[in-house]
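Report on one structure; see the data block that follows.
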Amino acid sequence: MKEHLSTILKELESVLSGADTYSAEKLAEKINRVDRVFIAGNGRSGLAGKMFAMRLMHIGYKAYVVGETITPSISGDDLLIIISGSGKTQTLAHFAKKANEVNSEIALLTTNTDSPIASESDLVIEVPAVTKATAHERATIQPLGSQFDQSAHLLLDGIIVYLLEHLTKEDHEALQKKHTNLE
Ligand SMILES: O=C([C@H](O)CO)[C@H](O)[C@H](O)COP(=O)(O)O
């Protein structure tokens, strides 16, 4: 088990050292500028997105998860962030088209910069990880898209730290207060 964990950490270090951090910083700046942030992803990519949305709320941004019952309609002053390893998931491609129709900005976190969702996006952040589509051809000890899902989660947590350090000045106490008291 220790060996597996050590290998997973090495995989993540290798992926994240090749991630497009320049674009990740641009994404942080967009988040800071737009009115509201909408986050979409399916499966485990979607779970990484939900964790990111929660932290954005904690640090003072208006964040919504696409598909939740209380999520309002998106508009031209908003940003849609899509997390999709393949960049091809059809429901997400549809969301990107709809968001473009109302002129909202779109950012994509993906391994596939040459994908249908990438071509709809204003900003593409490349994360060079293995996905469910490439797991058979690239080296990882992990199943399906675990490497991408984990890398996306860590990169998004990195954006939270960047926002806290450079763009918002929320302190730990303010974050604690925003965390739900219904638990
Ligand atoms: O659940 C997923 C995981 O990769 C399976 O290991 C995917 O995130 C889900 O299938 C959505 O796919 P992508 O849009 O390509 O991330």
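Naming scheme: A, B, ... for chains in displayed order of the structure tokens; residues 1 onward per chain; ligands 1 onward as shown.
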
Could you list, as a PyMOL selection string, all protein and nucleic acid residues with an atom at most 9 Å from ligand 1, counting only C-alpha atoms and all ligand atoms?
chain A and resi 41-48+82-92+110-111+131-133+143-149

Quick one: pick out all strand (DSSP E) residues within segment 37-75 of chain A from a backbone DSSP run and write them as a PyMOL selection string.
chain A and resi 37-41+63-65

Contacts of Asn103 of chain A at 7 Å or less, counting only C-alpha atoms, minus same-chain residues fewer than 4 places along, as a PyMOL selection string?
chain A and resi 75-76+99

Kindly assemble as a Markdown table a list of the segment 129-162 of chain A residues that lie within 10 Å of segment 3-12 of chain A, each paired with its nearest atom pair and their distance in Å to one decimal, using only C-alpha atoms, sorted first by chain and then by ascending residue number.
| residue | atom | partner | partner_atom | distance |
| --- | --- | --- | --- | --- |
| A:Ala129 | CA | A:Leu12 | CA | 8.4 |
| A:Val130 | CA | A:Glu11 | CA | 9.8 |
| A:Ala139 | CA | A:Glu11 | CA | 9.1 |
| A:Thr140 | CA | A:Glu11 | CA | 7.2 |
| A:Ile141 | CA | A:Ile8 | CA | 7.5 |
| A:Gln142 | CA | A:Ile8 | CA | 7.7 |
| A:Ser146 | CA | A:Ile8 | CA | 9.8 |
| A:Gln147 | CA | A:Leu12 | CA | 7.1 |
| A:Phe148 | CA | A:Leu12 | CA | 8.9 |
| A:Gln150 | CA | A:Leu12 | CA | 7.7 |
| A:Ser151 | CA | A:Leu12 | CA | 6.3 |
| A:Leu154 | CA | A:Leu12 | CA | 8.9 |

Provide the atom CA of Ser73 of chain A to atom CA of Ile159 of chain A distance in Å, to one decimal place.
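Atom CA of Ser73 of chain A sits 24.8 Å away from atom CA of Ile159 of chain A.
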
Which residues are close to Met51 of chain A, i.e. within 10 Å by only C-alpha atoms, leaving aside same-chain residues fewer than 3 positions away? Reply as a PyMOL selection string.
chain A and resi 46-48+54-56+65+153+156-157

Selected residues, N, CA and C atoms, written as a compact mmCIF listing (two decimals), in the first residue's frame, please.
# COMPACT_ATOMS: atom_id res chain seq x y z
N GLY A 46 -16.76 16.15 -12.09
CA GLY A 46 -17.80 16.99 -11.49
C GLY A 46 -17.63 17.10 -9.98
N LEU A 47 -17.20 16.01 -9.35
CA LEU A 47 -16.98 16.07 -7.89
C LEU A 47 -15.85 17.04 -7.56
N ALA A 48 -14.80 17.03 -8.38
CA ALA A 48 -13.70 18.00 -8.18
C ALA A 48 -14.26 19.42 -8.32
N MET A 54 -17.42 24.95 -3.57
CA MET A 54 -17.58 25.16 -2.12
C MET A 54 -16.52 26.13 -1.60
N ARG A 55 -15.28 25.93 -2.02
CA ARG A 55 -14.20 26.82 -1.56
C ARG A 55 -14.37 28.24 -2.11
N LEU A 56 -14.84 28.35 -3.37
CA LEU A 56 -15.07 29.70 -3.91
C LEU A 56 -16.08 30.43 -3.04
N VAL A 65 -23.12 25.34 -8.87
CA VAL A 65 -22.83 24.08 -9.56
C VAL A 65 -23.96 23.83 -10.56
N HIS A 153 -8.47 18.38 -9.16
CA HIS A 153 -8.79 18.81 -7.79
C HIS A 153 -7.63 19.62 -7.19
N LEU A 156 -7.21 23.04 -8.93
CA LEU A 156 -8.27 23.97 -8.49
C LEU A 156 -8.01 24.44 -7.06
N ASP A 157 -7.50 23.56 -6.21
CA ASP A 157 -7.12 24.00 -4.86
C ASP A 157 -5.97 25.01 -4.92

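Proximity ranking of A:Met57, A:Ala93, A:Met1, A:Leu79 relative to Arg36 of chain A places A:Leu79 first, based on only C-alpha atoms.
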
Ranking A:His172, A:Tyr64, A:Pro128, A:Leu123 by minimum distance to Ser14 of chain A and counting only C-alpha atoms, which one comes first?
A:Pro128

Do a neighbour search on Ile31 of chain A at 12 Å with only C-alpha atoms, toss out local chain neighbours closer than 2 positions, and write the hits as a ChimeraX atom specification.
/A:24-29,33-39,52-53,56-57,59-63,77-81,105-107,123,156,159-160,162-163,167-168

Quick one: pull the distance between atom CA of Gly49 of chain A and atom CA of Lys97 of chain A, Å, one decimal.
19.2 Å

A:Val161, A:Leu155, A:Leu182, A:Leu175 ranked by distance to Val15 of chain A, top pick (using only C-alpha atoms)
A:Leu155

Step one, run DSSP on the backbone; step two, keep only residues of chain A assigned to alpha helix (DSSP H); then write them as a PyMOL selection string.
chain A and resi 2-17+21-33+43-58+90-101+116-120+146-162+172-178
